[in-house]
file start18.txt (compact mmCIF, C-alpha atoms and all ligand atoms)
# COMPACT_ATOMS: atom_id res chain seq x y z
CA LEU A 1 -101.28 -20.05 -85.29
CA PRO A 2 -103.09 -22.96 -83.66
CA ILE A 3 -105.10 -22.73 -80.47
CA GLN A 4 -102.84 -23.71 -77.57
CA ALA A 5 -103.69 -26.03 -74.70
CA PRO A 6 -105.03 -23.98 -71.79
CA ASP A 7 -102.91 -23.25 -68.75
CA LEU A 8 -104.79 -24.94 -65.91
CA SER A 9 -103.30 -22.58 -63.36
CA LYS A 10 -105.04 -19.71 -65.18
CA CYS A 11 -108.48 -21.27 -65.12
CA GLY A 12 -110.92 -18.63 -63.91
CA PRO A 13 -114.60 -18.27 -63.15
CA ALA A 14 -116.88 -19.57 -65.87
CA ASP A 15 -119.40 -17.27 -67.45
CA LEU A 16 -122.56 -19.09 -66.37
CA PRO A 17 -126.04 -18.31 -67.68
CA SER A 18 -128.38 -16.45 -65.35
CA GLY A 19 -130.24 -18.68 -62.95
CA ALA A 20 -127.39 -21.21 -62.81
CA ILE A 21 -126.21 -22.29 -59.38
CA PRO A 22 -122.67 -20.92 -59.00
CA THR A 23 -120.13 -23.62 -59.89
CA ASN A 24 -116.37 -23.73 -60.02
CA CYS A 25 -115.69 -25.51 -63.30
CA CYS A 26 -111.90 -25.56 -63.01
CA PRO A 27 -110.22 -28.94 -62.63
CA PRO A 28 -108.13 -29.76 -59.56
CA ILE A 29 -104.44 -29.28 -60.30
CA LYS A 30 -102.62 -32.46 -59.43
CA SER A 31 -99.34 -31.93 -61.17
CA SER A 32 -97.74 -29.38 -63.44
CA ASP A 33 -95.90 -32.13 -65.32
CA ILE A 34 -97.78 -32.29 -68.57
CA LEU A 35 -97.34 -35.33 -70.77
CA ASP A 36 -97.52 -35.16 -74.52
CA PHE A 37 -100.13 -37.55 -75.81
CA GLN A 38 -98.99 -40.71 -77.51
CA LEU A 39 -101.25 -42.94 -79.54
CA PRO A 40 -101.79 -46.32 -77.91
CA PRO A 41 -99.68 -49.12 -79.43
CA PRO A 42 -101.38 -50.77 -82.44
CA THR A 43 -101.64 -54.05 -80.51
CA THR A 44 -103.89 -52.44 -77.87
CA PRO A 45 -107.25 -54.27 -77.64
CA LEU A 46 -110.02 -52.53 -79.58
CA ARG A 47 -112.90 -51.01 -77.63
CA LEU A 48 -116.13 -51.59 -79.52
CA ARG A 49 -118.72 -48.92 -78.73
CA PRO A 50 -122.18 -50.51 -78.78
CA ALA A 51 -125.52 -48.92 -79.73
CA ALA A 52 -127.22 -48.09 -76.41
CA GLN A 53 -130.48 -49.82 -77.37
CA LEU A 54 -128.70 -53.11 -78.08
CA VAL A 55 -126.64 -53.73 -74.95
CA ASP A 56 -127.23 -56.75 -72.72
CA LYS A 57 -127.57 -57.05 -68.96
CA ALA A 58 -123.91 -57.92 -68.40
CA TYR A 59 -122.86 -54.76 -70.23
CA VAL A 60 -125.30 -52.56 -68.31
CA ASP A 61 -124.06 -53.96 -64.98
CA LYS A 62 -120.50 -53.17 -65.96
CA PHE A 63 -121.34 -49.68 -67.17
CA ASN A 64 -123.40 -48.90 -64.05
CA LYS A 65 -120.56 -50.09 -61.88
CA ALA A 66 -118.01 -47.95 -63.72
CA ILE A 67 -120.18 -44.81 -63.43
CA SER A 68 -120.83 -45.50 -59.73
CA LEU A 69 -117.10 -45.83 -59.11
CA MET A 70 -116.48 -42.58 -60.98
CA LYS A 71 -119.07 -40.87 -58.78
CA ALA A 72 -117.38 -42.31 -55.68
CA LEU A 73 -113.90 -40.93 -56.46
CA PRO A 74 -112.69 -38.20 -54.09
CA ALA A 75 -113.83 -34.68 -54.96
CA ASP A 76 -110.25 -33.60 -55.70
CA ASP A 77 -109.64 -36.42 -58.16
CA PRO A 78 -109.86 -34.99 -61.70
CA ARG A 79 -111.42 -38.29 -62.86
CA ASN A 80 -114.35 -37.87 -60.48
CA PHE A 81 -117.78 -37.69 -62.18
CA THR A 82 -118.42 -34.06 -61.28
CA ASN A 83 -114.94 -32.96 -62.32
CA GLN A 84 -115.40 -34.77 -65.61
CA ALA A 85 -118.71 -32.96 -66.18
CA ASN A 86 -116.99 -29.67 -65.37
CA VAL A 87 -114.39 -30.25 -68.09
CA HIS A 88 -117.17 -29.38 -70.54
CA CYS A 89 -118.12 -26.28 -68.57
CA ALA A 90 -114.53 -25.03 -68.37
CA TYR A 91 -113.91 -25.39 -72.12
CA CYS A 92 -117.30 -24.03 -73.14
CA ASP A 93 -118.16 -21.27 -70.69
CA GLY A 94 -115.08 -19.10 -70.86
CA ALA A 95 -113.07 -20.39 -67.88
CA TYR A 96 -109.91 -20.51 -70.02
CA ASP A 97 -109.62 -16.95 -71.22
CA GLN A 98 -112.48 -17.04 -73.73
CA LEU A 99 -111.44 -20.39 -75.22
CA GLN A 100 -114.52 -21.99 -76.78
CA VAL A 101 -114.58 -25.45 -78.33
CA HIS A 102 -118.00 -25.11 -79.97
CA ASN A 103 -119.05 -23.24 -83.11
CA SER A 104 -115.81 -23.86 -84.96
CA TRP A 105 -113.59 -26.57 -86.46
CA LEU A 106 -112.57 -27.62 -82.93
CA PHE A 107 -115.98 -29.12 -82.20
CA PHE A 108 -115.41 -32.67 -83.48
CA PRO A 109 -111.82 -33.29 -82.37
CA TRP A 110 -112.25 -31.74 -78.91
CA HIS A 111 -115.28 -33.91 -78.14
CA ARG A 112 -113.55 -36.98 -79.56
CA TYR A 113 -110.75 -36.58 -77.02
CA TYR A 114 -113.16 -35.81 -74.21
CA LEU A 115 -114.92 -39.15 -74.78
CA TYR A 116 -111.67 -40.99 -75.33
CA PHE A 117 -110.35 -40.13 -71.88
CA TYR A 118 -113.75 -40.54 -70.20
CA GLU A 119 -114.00 -44.04 -71.63
CA ARG A 120 -110.50 -44.99 -70.53
CA ILE A 121 -111.16 -43.72 -67.01
CA LEU A 122 -114.31 -45.86 -66.79
CA GLY A 123 -112.46 -48.91 -68.11
CA LYS A 124 -109.64 -48.38 -65.66
CA LEU A 125 -112.07 -48.15 -62.72
CA ILE A 126 -113.52 -51.57 -63.50
CA GLY A 127 -110.21 -53.09 -64.63
CA ASP A 128 -111.41 -53.68 -68.19
CA ASP A 129 -109.22 -52.31 -70.96
CA THR A 130 -111.81 -53.22 -73.59
CA PHE A 131 -114.61 -51.27 -71.96
CA ALA A 132 -116.36 -48.94 -74.43
CA ILE A 133 -119.08 -46.36 -73.86
CA PRO A 134 -122.38 -46.78 -75.73
CA PHE A 135 -123.64 -44.47 -78.46
CA TRP A 136 -127.16 -43.09 -78.72
CA ASN A 137 -128.16 -44.32 -82.15
CA TRP A 138 -130.67 -41.48 -82.78
CA ASP A 139 -130.06 -41.53 -86.52
CA ALA A 140 -131.93 -44.83 -86.91
CA PRO A 141 -135.56 -45.61 -85.94
CA ALA A 142 -134.41 -48.23 -83.40
CA GLY A 143 -132.55 -45.54 -81.44
CA MET A 144 -134.95 -42.58 -81.71
CA ARG A 145 -135.98 -42.62 -78.04
CA LEU A 146 -134.18 -41.96 -74.79
CA PRO A 147 -132.28 -45.26 -74.40
CA SER A 148 -133.90 -47.23 -71.59
CA ILE A 149 -130.62 -47.90 -69.78
CA TYR A 150 -130.60 -44.19 -68.86
CA THR A 151 -134.19 -43.97 -67.64
CA ASP A 152 -134.20 -46.44 -64.75
CA THR A 153 -134.47 -44.12 -61.75
CA SER A 154 -132.33 -46.38 -59.57
CA SER A 155 -129.47 -46.42 -62.08
CA PRO A 156 -126.37 -44.19 -61.81
CA LEU A 157 -127.09 -43.39 -65.48
CA TYR A 158 -130.31 -41.65 -64.53
CA ASP A 159 -130.51 -37.88 -64.34
CA LYS A 160 -133.62 -36.20 -63.06
CA LEU A 161 -133.04 -32.96 -64.97
CA ARG A 162 -134.55 -34.18 -68.22
CA ASP A 163 -137.72 -33.19 -69.99
CA VAL A 164 -140.56 -35.17 -68.39
CA LYS A 165 -142.47 -35.21 -71.68
CA HIS A 166 -139.59 -36.84 -73.50
CA GLN A 167 -139.39 -40.09 -71.61
CA PRO A 168 -139.86 -43.31 -73.57
CA PRO A 169 -141.84 -44.15 -75.60
CA THR A 170 -141.84 -40.52 -76.83
CA LEU A 171 -140.08 -40.34 -80.14
CA LEU A 172 -137.13 -38.01 -80.51
CA ASP A 173 -137.66 -34.94 -82.69
CA LEU A 174 -134.35 -34.25 -84.43
CA ASP A 175 -135.40 -30.73 -85.38
CA PHE A 176 -137.05 -29.94 -82.05
CA ASN A 177 -137.76 -26.23 -81.71
CA GLY A 178 -139.28 -26.23 -78.23
CA GLU A 179 -142.71 -27.35 -79.38
CA ASP A 180 -143.64 -30.98 -79.35
CA PRO A 181 -144.72 -32.28 -82.73
CA THR A 182 -148.17 -33.74 -83.13
CA SER A 183 -147.39 -35.97 -86.09
CA SER A 184 -147.56 -39.73 -85.97
CA ASP A 185 -144.45 -41.70 -85.07
CA GLU A 186 -144.24 -42.85 -88.65
CA LEU A 187 -144.10 -39.30 -90.02
CA GLN A 188 -141.72 -38.23 -87.30
CA ILE A 189 -139.34 -41.04 -88.20
CA ASP A 190 -139.39 -39.90 -91.85
CA GLU A 191 -138.79 -36.34 -90.77
CA ASN A 192 -135.87 -37.40 -88.56
CA LEU A 193 -134.31 -39.36 -91.41
CA ARG A 194 -134.63 -36.28 -93.58
CA VAL A 195 -132.86 -34.18 -90.93
CA MET A 196 -129.94 -36.61 -91.17
CA GLN A 197 -129.29 -35.31 -94.69
CA VAL A 198 -127.24 -32.58 -93.00
CA ILE A 199 -124.44 -35.11 -93.12
CA SER A 200 -124.54 -35.35 -96.90
CA ASN A 201 -124.99 -31.59 -97.18
CA GLY A 202 -121.67 -31.09 -95.40
CA LYS A 203 -119.72 -31.38 -98.65
CA THR A 204 -116.57 -29.69 -97.42
CA ALA A 205 -114.71 -29.78 -94.13
CA GLU A 206 -115.84 -26.22 -93.41
CA LEU A 207 -119.48 -26.98 -94.12
CA PHE A 208 -119.45 -30.17 -92.09
CA MET A 209 -117.07 -29.39 -89.24
CA GLY A 210 -117.20 -25.63 -88.81
CA LEU A 211 -115.09 -22.58 -89.57
CA PRO A 212 -111.41 -22.03 -88.75
CA TYR A 213 -110.61 -20.79 -85.26
CA ARG A 214 -106.98 -19.90 -84.58
CA ALA A 215 -105.01 -18.44 -81.70
CA GLY A 216 -106.14 -14.87 -81.15
CA ASP A 217 -109.40 -15.21 -83.11
CA ASN A 218 -112.71 -14.34 -81.58
CA PRO A 219 -114.48 -17.49 -80.46
CA ASN A 220 -117.54 -18.89 -82.29
CA PRO A 221 -116.63 -18.20 -85.93
CA GLY A 222 -119.36 -20.60 -87.04
CA ALA A 223 -120.56 -24.15 -86.56
CA GLY A 224 -120.66 -26.93 -89.13
CA SER A 225 -123.93 -28.38 -90.38
CA LEU A 226 -124.16 -31.20 -87.85
CA GLU A 227 -123.35 -29.14 -84.79
CA ASN A 228 -126.57 -27.15 -84.90
CA LEU A 229 -128.78 -29.91 -86.13
CA PRO A 230 -129.15 -32.55 -84.77
CA HIS A 231 -126.39 -32.00 -82.20
CA GLY A 232 -127.96 -28.92 -80.64
CA THR A 233 -131.53 -30.08 -81.01
CA VAL A 234 -130.89 -33.39 -79.22
CA HIS A 235 -129.32 -31.45 -76.32
CA PHE A 236 -132.30 -29.11 -76.19
CA TRP A 237 -134.85 -31.95 -76.52
CA THR A 238 -133.27 -33.91 -73.65
CA GLY A 239 -132.84 -31.11 -71.08
CA ASP A 240 -135.59 -30.15 -68.63
CA ARG A 241 -137.58 -27.26 -70.10
CA SER A 242 -138.80 -26.29 -66.65
CA GLN A 243 -135.25 -25.41 -65.53
CA PRO A 244 -133.91 -21.87 -66.07
CA ASN A 245 -131.46 -22.96 -68.82
CA GLY A 246 -132.76 -26.34 -69.95
CA GLU A 247 -130.47 -28.07 -67.47
CA ASP A 248 -128.86 -30.48 -67.65
CA MET A 249 -128.46 -31.33 -71.33
CA GLY A 250 -129.76 -28.03 -72.66
CA ASN A 251 -126.81 -25.84 -71.61
CA PHE A 252 -123.03 -26.09 -71.98
CA TYR A 253 -122.16 -25.69 -68.32
CA SER A 254 -124.47 -28.48 -67.13
CA ALA A 255 -124.79 -30.81 -70.15
CA ALA A 256 -122.15 -33.36 -69.15
CA ARG A 257 -123.70 -33.84 -65.70
CA ASP A 258 -126.15 -36.08 -67.50
CA PRO A 259 -124.43 -39.39 -68.35
CA ILE A 260 -126.43 -39.47 -71.57
CA PHE A 261 -124.22 -36.62 -72.81
CA PHE A 262 -121.49 -39.16 -73.57
CA ALA A 263 -123.87 -41.40 -75.51
CA HIS A 264 -125.13 -38.43 -77.50
CA HIS A 265 -121.58 -37.41 -78.31
CA GLY A 266 -120.70 -41.01 -79.07
CA ASN A 267 -123.13 -40.73 -81.95
CA ILE A 268 -121.86 -37.29 -82.95
CA ASP A 269 -118.38 -38.77 -83.08
CA ARG A 270 -119.70 -41.72 -85.06
CA MET A 271 -121.18 -39.23 -87.56
CA TRP A 272 -117.71 -37.76 -88.18
CA TRP A 273 -116.37 -41.26 -88.74
CA LEU A 274 -119.29 -42.11 -91.07
CA TRP A 275 -119.02 -38.82 -92.97
CA ARG A 276 -115.45 -39.63 -93.90
CA LYS A 277 -116.53 -43.05 -95.17
CA LEU A 278 -119.55 -41.82 -97.11
CA SER A 279 -117.72 -40.06 -99.90
CA PRO A 280 -114.11 -39.76 -101.08
CA GLY A 281 -114.74 -36.00 -101.24
CA HIS A 282 -115.32 -35.87 -97.48
CA LYS A 283 -111.90 -34.96 -96.18
CA ASP A 284 -110.68 -33.51 -92.91
CA PHE A 285 -108.89 -30.17 -92.86
CA THR A 286 -105.21 -30.26 -93.69
CA ASP A 287 -104.55 -26.79 -92.26
CA LYS A 288 -101.72 -26.87 -89.70
CA ASP A 289 -103.60 -24.57 -87.39
CA TRP A 290 -106.24 -27.26 -87.10
CA LEU A 291 -103.87 -30.22 -86.93
CA ASP A 292 -101.74 -28.60 -84.24
CA ALA A 293 -104.55 -27.18 -82.12
CA ALA A 294 -103.99 -28.55 -78.61
CA PHE A 295 -106.09 -29.31 -75.55
CA LEU A 296 -105.44 -30.67 -72.11
CA PHE A 297 -107.19 -33.62 -70.48
CA TYR A 298 -106.57 -35.84 -67.50
CA ASP A 299 -106.01 -39.47 -68.43
CA GLU A 300 -107.04 -42.66 -66.62
CA GLU A 301 -104.06 -42.31 -64.26
CA ALA A 302 -105.09 -38.72 -63.43
CA ARG A 303 -102.09 -37.35 -65.32
CA PRO A 304 -102.51 -34.17 -67.39
CA VAL A 305 -101.98 -34.90 -71.08
CA ARG A 306 -101.58 -32.44 -73.94
CA VAL A 307 -103.29 -33.69 -77.09
CA ARG A 308 -103.24 -32.41 -80.64
CA VAL A 309 -106.00 -32.60 -83.21
CA ARG A 310 -103.69 -34.45 -85.62
CA ASP A 311 -103.69 -37.56 -83.41
CA ALA A 312 -107.48 -37.75 -83.24
CA LEU A 313 -108.29 -38.31 -86.90
CA GLU A 314 -108.37 -42.11 -87.06
CA VAL A 315 -110.54 -43.97 -84.57
CA ASP A 316 -108.73 -47.25 -85.16
CA ARG A 317 -105.46 -45.62 -84.20
CA LEU A 318 -107.15 -44.52 -80.99
CA ARG A 319 -108.14 -48.19 -80.66
CA TYR A 320 -111.89 -47.93 -80.66
CA ALA A 321 -114.62 -48.66 -83.18
CA TYR A 322 -118.39 -48.45 -83.54
CA GLN A 323 -120.76 -51.38 -83.61
CA ASP A 324 -121.94 -51.94 -87.14
CA VAL A 325 -125.64 -51.05 -87.30
CA ASP A 326 -127.99 -50.16 -90.13
CA VAL A 327 -127.71 -46.56 -91.39
CA PRO A 328 -131.10 -45.99 -93.05
CA TRP A 329 -130.72 -42.26 -93.72
CA THR A 330 -128.04 -42.94 -96.33
CA ARG A 331 -130.87 -44.42 -98.41
CA THR A 332 -133.37 -41.58 -97.82
CA LYS A 333 -133.59 -39.00 -100.51
CA PRO A 334 -134.33 -35.46 -99.33
CU1 LIG B 1 -119.88 -29.74 -76.13
CU2 LIG B 1 -122.83 -31.45 -77.22
O1 LIG B 1 -121.70 -30.09 -76.58
call {"tool": "encode", "arguments": {"input": "start18.txt", "output": "structure tokens", "more": "lines below"}}
Ligand code: C2O
result
Amino acid sequence: LPIQAPDLSKCGPADLPSGAIPTNCCPPIKSSDILDFQLPPPTTPLRLRPAAQLVDKAYVDKFNKAISLMKALPADDPRNFTNQANVHCAYCDGAYDQLQVHNSWLFFPWHRYYLYFYERILGKLIGDDTFAIPFWNWDAPAGMRLPSIYTDTSSPLYDKLRDVKHQPPTLLDLDFNGEDPTSSDELQIDENLRVMQVISNGKTAELFMGLPYRAGDNPNPGAGSLENLPHGTVHFWTGDRSQPNGEDMGNFYSAARDPIFFAHHGNIDRMWWLWRKLSPGHKDFTDKDWLDAAFLFYDEEARPVRVRVRDALEVDRLRYAYQDVDVPWTRTKP
């Protein structure tokens, strides 16, 4: 049987790592009327997610304004910045009776929905139904640094809990193991492009997306190729190594407190979309327990919505797309 959407009224204390400041990760309960998700009508304007290193000043102003407004929402509004960050904590640190959306086939679709609603909330706050979040284009040399829009200390996109040694112009290390590489930028870029072969190595849905996880199963059956590397390594590389748990980006409970989380996952989501396009053999699961797995999110009107994996498979049906940029790793041979 498929994983069911959690019952918000049964949200309990999260299982936080030691050294974490106690946090209640449960969302405020605004209504027990749960809507079933409906895809937006096909005539809905498309939101085009840009590469974070390519955005212009007008875009950055808009994005900053949207994040500031999200931070300014009342503390009991589920769309508020902190409550949105806690959504990740609740689904990943055991607040819903051991439900875990990492290390299994739920990883890609759950995060796709998380970004989908986050993006719609931001757009709603600035009255722009074409607003799209940026993606951190770390799979191409042009994006292999912390994007500068996140590093301006006066910006609402800034987060001080990041590794001080990994500020621009330090190059990202896609297989970061806690030790900073000493190689030249040129070699590091080659190495990063090689790491991106994990996409082509994910020949089957199980290899790429992770192992089945059904109602009643123990959590964490096993991650797909991309989830560990570079998904996990980019989290670990970005978080502050002097914090007890690599906060913010380096731990589930705190990761989404850093606005860059949503740009990182924008690119993870883009990798799922690209994977499907790269080869006719790259197919999503057809197992009903995957297609019918359900989650609960608050939408841009602060209404609770029950979503199913089956509605998340086509980005154009969700009415967003990714800016077309060069994908050099598809030309790199391992
Ligand atoms: Cu839900 Cu990148 O982790």
call {"tool": "closest_atom_pairs", "arguments": {"input": "start18.txt", "of": "chain A", "to": "ligand LIG 1 (chain B)", "cutoff": "7 Å", "atoms": "only C-alpha atoms and all ligand atoms", "output": "CSV"}}
result
residue,atom,partner,partner_atom,distance
A:His88,CA,B:LIG1,CU1,6.2
A:Cys92,CA,B:LIG1,CU1,6.9
A:His102,CA,B:LIG1,CU1,6.3
A:His111,CA,B:LIG1,CU1,6.5
A:His231,CA,B:LIG1,CU2,6.1
A:Gly232,CA,B:LIG1,CU2,6.7
A:His235,CA,B:LIG1,CU2,6.6
A:Phe252,CA,B:LIG1,O1,6.2
A:Phe261,CA,B:LIG1,CU2,6.9
A:His265,CA,B:LIG1,CU2,6.2
call {"tool": "atom_distance", "arguments": {"input": "start18.txt", "atom1": "CA of Ala294 (chain A)", "atom2": "CA of Glu247 (chain A)"}}
result
28.7 Å
call {"tool": "residues_around", "arguments": {"input": "start18.txt", "residues": "region 323-332 of chain A", "least_positions_apart": "6", "cutoff": "6 Å", "atoms": "all atoms listed in the file", "output": "MDAnalysis selection string"}}
result
chainID A and resid 49:50 193
call {"tool": "residues_around", "arguments": {"input": "start18.txt", "residues": "Ile126 (chain A)", "least_positions_apart": "5", "cutoff": "8 Å", "atoms": "all atoms listed in the file", "output": "NGL selection string"}}
result
:A and (62 or 65-66)
call {"tool": "residues_around", "arguments": {"input": "start18.txt", "residues": "Thr130 (chain A)", "least_positions_apart": "2", "cutoff": "8 Å", "atoms": "only C-alpha atoms", "output": "list in words"}}
result
Pro45, Leu46, Arg47, Leu48, Gly123, Asp128 and Ala132 of chain A
call {"tool": "closest_residue", "arguments": {"input": "start18.txt", "among": "A:Arg257, A:Arg162, A:Gly266, A:Arg194", "to": "Phe236 (chain A)", "atoms": "only C-alpha atoms"}}
result
A:Arg162
call {"tool": "atom_distance", "arguments": {"input": "start18.txt", "atom1": "CA of Trp110 (chain A)", "atom2": "CA of Leu172 (chain A)"}}
result
25.7 Å
call {"tool": "residues_around", "arguments": {"input": "start18.txt", "residues": "Asp173 (chain A)", "least_positions_apart": "4", "cutoff": "9 Å", "atoms": "only C-alpha atoms", "output": "PyMOL selection string"}}
result
chain A and resi 144+177+180-181+188-189+191-192+233-234+237
call {"tool": "residues_around", "arguments": {"input": "start18.txt", "residues": "Pro244 (chain A)", "least_positions_apart": "3", "cutoff": "10 Å", "atoms": "all atoms listed in the file", "output": "ChimeraX atom specification"}}
result
/A:17-20,240-241,247,250-251
call {"tool": "atom_distance", "arguments": {"input": "start18.txt", "atom1": "CA of Pro2 (chain A)", "atom2": "CA of Thr23 (chain A)"}}
result
29.3 Å
call {"tool": "closest_residue", "arguments": {"input": "start18.txt", "among": "A:Ala72, A:Met249, A:Ala51, A:Val164", "to": "Arg270 (chain A)", "atoms": "all atoms listed in the file"}}
result
A:Ala51
call {"tool": "closest_residue", "arguments": {"input": "start18.txt", "among": "A:Val315, A:Cys26, A:Leu1, A:Ala263", "to": "Ala14 (chain A)", "atoms": "only C-alpha atoms"}}
result
A:Cys26
call {"tool": "residues_near_point", "arguments": {"input": "start18.txt", "point": "(-109.1, -48.2, -87.7)", "cutoff": "12 Å", "atoms": "all atoms listed in the file", "output": "PDB file with C-alpha atoms, in the frame of the given file"}}
result
ATOM      1  CA  PRO A  42    -101.380 -50.770 -82.440  1.00  0.00           C
ATOM      2  CA  THR A  43    -101.640 -54.050 -80.510  1.00  0.00           C
ATOM      3  CA  THR A  44    -103.890 -52.440 -77.870  1.00  0.00           C
ATOM      4  CA  PRO A  45    -107.250 -54.270 -77.640  1.00  0.00           C
ATOM      5  CA  LEU A  46    -110.020 -52.530 -79.580  1.00  0.00           C
ATOM      6  CA  ARG A  47    -112.900 -51.010 -77.630  1.00  0.00           C
ATOM      7  CA  LEU A  48    -116.130 -51.590 -79.520  1.00  0.00           C
ATOM      8  CA  TRP A 273    -116.370 -41.260 -88.740  1.00  0.00           C
ATOM      9  CA  LYS A 277    -116.530 -43.050 -95.170  1.00  0.00           C
ATOM     10  CA  ALA A 312    -107.480 -37.750 -83.240  1.00  0.00           C
ATOM     11  CA  LEU A 313    -108.290 -38.310 -86.900  1.00  0.00           C
ATOM     12  CA  GLU A 314    -108.370 -42.110 -87.060  1.00  0.00           C
ATOM     13  CA  VAL A 315    -110.540 -43.970 -84.570  1.00  0.00           C
ATOM     14  CA  ASP A 316    -108.730 -47.250 -85.160  1.00  0.00           C
ATOM     15  CA  ARG A 317    -105.460 -45.620 -84.200  1.00  0.00           C
ATOM     16  CA  LEU A 318    -107.150 -44.520 -80.990  1.00  0.00           C
ATOM     17  CA  ARG A 319    -108.140 -48.190 -80.660  1.00  0.00           C
ATOM     18  CA  TYR A 320    -111.890 -47.930 -80.660  1.00  0.00           C
ATOM     19  CA  ALA A 321    -114.620 -48.660 -83.180  1.00  0.00           C
ATOM     20  CA  TYR A 322    -118.390 -48.450 -83.540  1.00  0.00           C
TER      21      TYR A 322
END
call {"tool": "residues_near_point", "arguments": {"input": "start18.txt", "point": "(-107.8, -32.2, -83.7)", "cutoff": "6 Å", "atoms": "only C-alpha atoms", "output": "PyMOL selection string"}}
result
chain A and resi 109+291+308-310+312
call {"tool": "closest_residue", "arguments": {"input": "start18.txt", "among": "A:Leu99, A:Ala293, A:Val305, A:Leu35", "to": "Pro219 (chain A)", "atoms": "all atoms listed in the file"}}
result
A:Leu99
call {"tool": "closest_atom_pairs", "arguments": {"input": "start18.txt", "of": "region 97-174 of chain A", "to": "region 202-211 of chain A", "cutoff": "10 Å", "atoms": "all atoms listed in the file", "output": "CSV"}}
result
residue,atom,partner,partner_atom,distance
A:His102,CA,A:Gly210,CA,8.9
A:Asn103,CA,A:Gly210,CA,6.5
A:Ser104,CA,A:Gly210,CA,4.5
A:Trp105,CA,A:Gly210,CA,4.4
A:Leu106,CA,A:Gly210,CA,7.7
A:Phe107,CA,A:Met209,CA,7.1
A:Phe108,CA,A:Met209,CA,6.8
A:Pro109,CA,A:Met209,CA,9.5
call {"tool": "axis_aligned_box", "arguments": {"input": "start18.txt", "around": "region 156-167 of chain A", "padding_each_side": "8 Å", "output": "JSON"}}
result
{"center_x": -134.4, "center_y": -38.6, "center_z": -67.7, "size_x": 32.1, "size_y": 27.2, "size_z": 27.7}
call {"tool": "build_atoms", "arguments": {"input": "start18.txt", "residues": "region 152-167 of chain A", "atoms": "N, CA and C atoms", "output": "CSV table (one decimal), keeping the file's coordinate frame"}}
result
chain,number,residue,atom,x,y,z
A,152,ASP,N,-133.9,-45.7,-66.0
A,152,ASP,CA,-134.2,-46.4,-64.8
A,152,ASP,C,-133.8,-45.5,-63.6
A,153,THR,N,-134.8,-45.1,-62.8
A,153,THR,CA,-134.5,-44.1,-61.8
A,153,THR,C,-133.5,-44.6,-60.7
A,154,SER,N,-133.3,-45.9,-60.6
A,154,SER,CA,-132.3,-46.4,-59.6
A,154,SER,C,-130.9,-46.6,-60.2
A,155,SER,N,-130.8,-46.2,-61.4
A,155,SER,CA,-129.5,-46.4,-62.1
A,155,SER,C,-128.6,-45.2,-61.9
A,156,PRO,N,-127.3,-45.4,-61.8
A,156,PRO,CA,-126.4,-44.2,-61.8
A,156,PRO,C,-126.4,-43.4,-63.2
A,157,LEU,N,-127.0,-44.0,-64.2
A,157,LEU,CA,-127.1,-43.4,-65.5
A,157,LEU,C,-128.3,-42.4,-65.6
A,158,TYR,N,-129.1,-42.5,-64.5
A,158,TYR,CA,-130.3,-41.6,-64.5
A,158,TYR,C,-129.9,-40.2,-64.2
A,159,ASP,N,-130.7,-39.3,-64.7
A,159,ASP,CA,-130.5,-37.9,-64.3
A,159,ASP,C,-131.9,-37.3,-64.2
A,160,LYS,N,-132.2,-36.7,-63.1
A,160,LYS,CA,-133.6,-36.2,-63.1
A,160,LYS,C,-133.9,-34.9,-63.8
A,161,LEU,N,-132.8,-34.2,-64.2
A,161,LEU,CA,-133.0,-33.0,-65.0
A,161,LEU,C,-133.1,-33.3,-66.5
A,162,ARG,N,-134.2,-33.9,-66.8
A,162,ARG,CA,-134.6,-34.2,-68.2
A,162,ARG,C,-136.0,-33.8,-68.4
A,163,ASP,N,-136.3,-33.6,-69.7
A,163,ASP,CA,-137.7,-33.2,-70.0
A,163,ASP,C,-138.7,-34.4,-69.7
A,164,VAL,N,-139.6,-34.1,-68.8
A,164,VAL,CA,-140.6,-35.2,-68.4
A,164,VAL,C,-141.4,-35.7,-69.6
A,165,LYS,N,-141.6,-34.8,-70.5
A,165,LYS,CA,-142.5,-35.2,-71.7
A,165,LYS,C,-141.7,-36.0,-72.7
A,166,HIS,N,-140.4,-36.2,-72.5
A,166,HIS,CA,-139.6,-36.8,-73.5
A,166,HIS,C,-139.1,-38.2,-73.0
A,167,GLN,N,-139.8,-38.7,-72.1
A,167,GLN,CA,-139.4,-40.1,-71.6
A,167,GLN,C,-139.9,-41.1,-72.6
